[in-house]
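Visitor: I am attaching a structure below and will ask some questions about it afterwards.
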Amino acid sequence: TWSDSSPLIQVDGVERSMSDIDPEDIESITVLKDAASTAIWGSKGANGVIEIKTKRGARGKTRVNFSYKFTGNWQPKGYELLDGDSYTMLMKEALYNPTQAQDATTNVNELNYNQSWPLYENWNNNTDWVDAVTQFGQMHSYSLNLTGGGEKANFRISAGYDHQTGTIIKQTLNRFTTRMALDYFVSDRITFITNFSFSYTDNDKNYTDLLGIAQKIAPNTVSYTHLRAHETRGNL
């Protein structure tokens, strides 16, 4: 039977997802495992527990903090692939070698650069498909928080926004999080603690192995970008 091996995540004592938390709101992280986790959380903690404590307000004048963080990443180079011309020669040799007939590839228009063939423009290219589907990934993170308090209450209000584009085209993440922490001191022994949080995530991603597909496509075929450029030149 299938079972989830992910650890239990507790944020201020409430079970949450890591994607619901702005890193700027985290004050401390405690990892519990083995007997320590099951003793407190029972069977839910069998795979370990990650306890996250978020930041709270402090007495003093209201302070406003803003931060911005940029992160870039890219795909590793990987192994070298044939260009369109080398691929065409390899395929011709593969068809010629079994019979060594001079006309072995005569009728294979995809390999002969036959300009009279209606689909010639689709099969006369040197397309780097891996380059066509990869890009420089970027992540922009914005965070704003207000903190303050007095003798009777402390507060902290925060909001965060992340915009990320993946290293594979057509992958985009937009995430908005907000959190409010309010501590009201009734007396030296009694304190009311209030936590409010909201998060929204819009994650557009490729559900197929686009990079794996790009590594298998014939490099002498045309990409959509090149085809559109050719059609534009033809219309001019």
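Just remember, in the structure tokens the first chain shown is A, the second B, etc., residues are 1-based per chain, and ligands are 1-based in the order shown.
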I'd like a table as a tab-separated table: residues in region 126-169 of chain A with an atom no more than 12 Å from region 86-96 of chain A, each row giving the shortest atom pair and its distance in Å to one decimal, only C-alpha atoms counted, sorted by chain and rising residue number.
Guide:
```
residue	atom	partner	partner_atom	distance
A:Asn126	CA	A:Ser86	CA	9.1
A:Thr127	CA	A:Tyr87	CA	10.8
A:Asp128	CA	A:Tyr87	CA	11.8
```
Visitor: Would you please extract all helix (DSSP H, G or I) residues from region 17-138 of chain A, as assigned by DSSP on the backbone, and give them as a PyMOL selection string?
Guide: chain A and resi 18-20+23-25+35-45+84-96+109-112+120-122+129-133
Visitor: Write out, as CSV, each residue of region 139-201 of chain A that has an atom at most 7 Å from region 19-36 of chain A, together with the closest pair of atoms and their distance in Å to one decimal, counting only C-alpha atoms, rows going by chain and rising number.
Guide:
```
residue,atom,partner,partner_atom,distance
A:Gly160,CA,A:Asp22,CA,6.3
A:Thr177,CA,A:Asp22,CA,6.5
A:Ser199,CA,A:Asp20,CA,5.6
```
Visitor: If you count only C-alpha atoms, which residues fall within 12 Å of Phe192 (chain A), apart from same-chain ones fewer than 2 positions away, as a short mmCIF file (atom, residue, chain, number, x, y, z; two decimals) with N, CA and C atoms, in the first residue's frame?
Guide:
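See result.cif below for the written result:
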```
data_model
loop_
_atom_site.label_atom_id
_atom_site.label_comp_id
_atom_site.auth_asym_id
_atom_site.auth_seq_id
_atom_site.Cartn_x
_atom_site.Cartn_y
_atom_site.Cartn_z
N LYS A 152 -0.22 46.86 26.84
CA LYS A 152 -1.33 45.91 26.81
C LYS A 152 -1.32 44.95 25.62
N ALA A 153 -0.65 45.31 24.55
CA ALA A 153 -0.71 44.46 23.36
C ALA A 153 0.51 44.65 22.48
N ASN A 154 0.89 43.57 21.81
CA ASN A 154 1.93 43.58 20.78
C ASN A 154 1.33 43.08 19.48
N PHE A 155 1.84 43.55 18.36
CA PHE A 155 1.31 43.09 17.08
C PHE A 155 2.43 42.97 16.05
N ALA A 181 -0.13 38.56 13.84
CA ALA A 181 0.03 37.99 15.17
C ALA A 181 -0.28 39.08 16.19
N LEU A 182 -1.21 38.79 17.09
CA LEU A 182 -1.62 39.77 18.10
C LEU A 182 -1.57 39.12 19.48
N ASP A 183 -0.84 39.74 20.39
CA ASP A 183 -0.76 39.27 21.77
C ASP A 183 -1.37 40.34 22.68
N TYR A 184 -2.43 39.94 23.45
CA TYR A 184 -3.08 40.88 24.36
C TYR A 184 -2.84 40.42 25.79
N PHE A 185 -2.26 41.31 26.60
CA PHE A 185 -1.88 40.96 27.97
C PHE A 185 -2.99 41.39 28.93
N VAL A 186 -3.76 40.41 29.39
CA VAL A 186 -4.82 40.70 30.36
C VAL A 186 -4.21 40.98 31.73
N SER A 187 -3.22 40.15 32.09
CA SER A 187 -2.50 40.33 33.35
C SER A 187 -1.13 39.68 33.19
N ASP A 188 -0.39 39.64 34.27
CA ASP A 188 0.93 39.01 34.20
C ASP A 188 0.84 37.52 33.93
N ARG A 189 -0.30 36.92 34.21
CA ARG A 189 -0.47 35.48 34.04
C ARG A 189 -1.35 35.10 32.86
N ILE A 190 -2.13 36.02 32.36
CA ILE A 190 -3.09 35.69 31.30
C ILE A 190 -2.78 36.52 30.05
N THR A 194 -3.45 35.63 19.34
CA THR A 194 -4.24 35.48 18.11
C THR A 194 -3.31 35.38 16.91
N ASN A 195 -3.57 34.38 16.06
CA ASN A 195 -2.81 34.21 14.81
C ASN A 195 -3.78 34.15 13.64
#
```
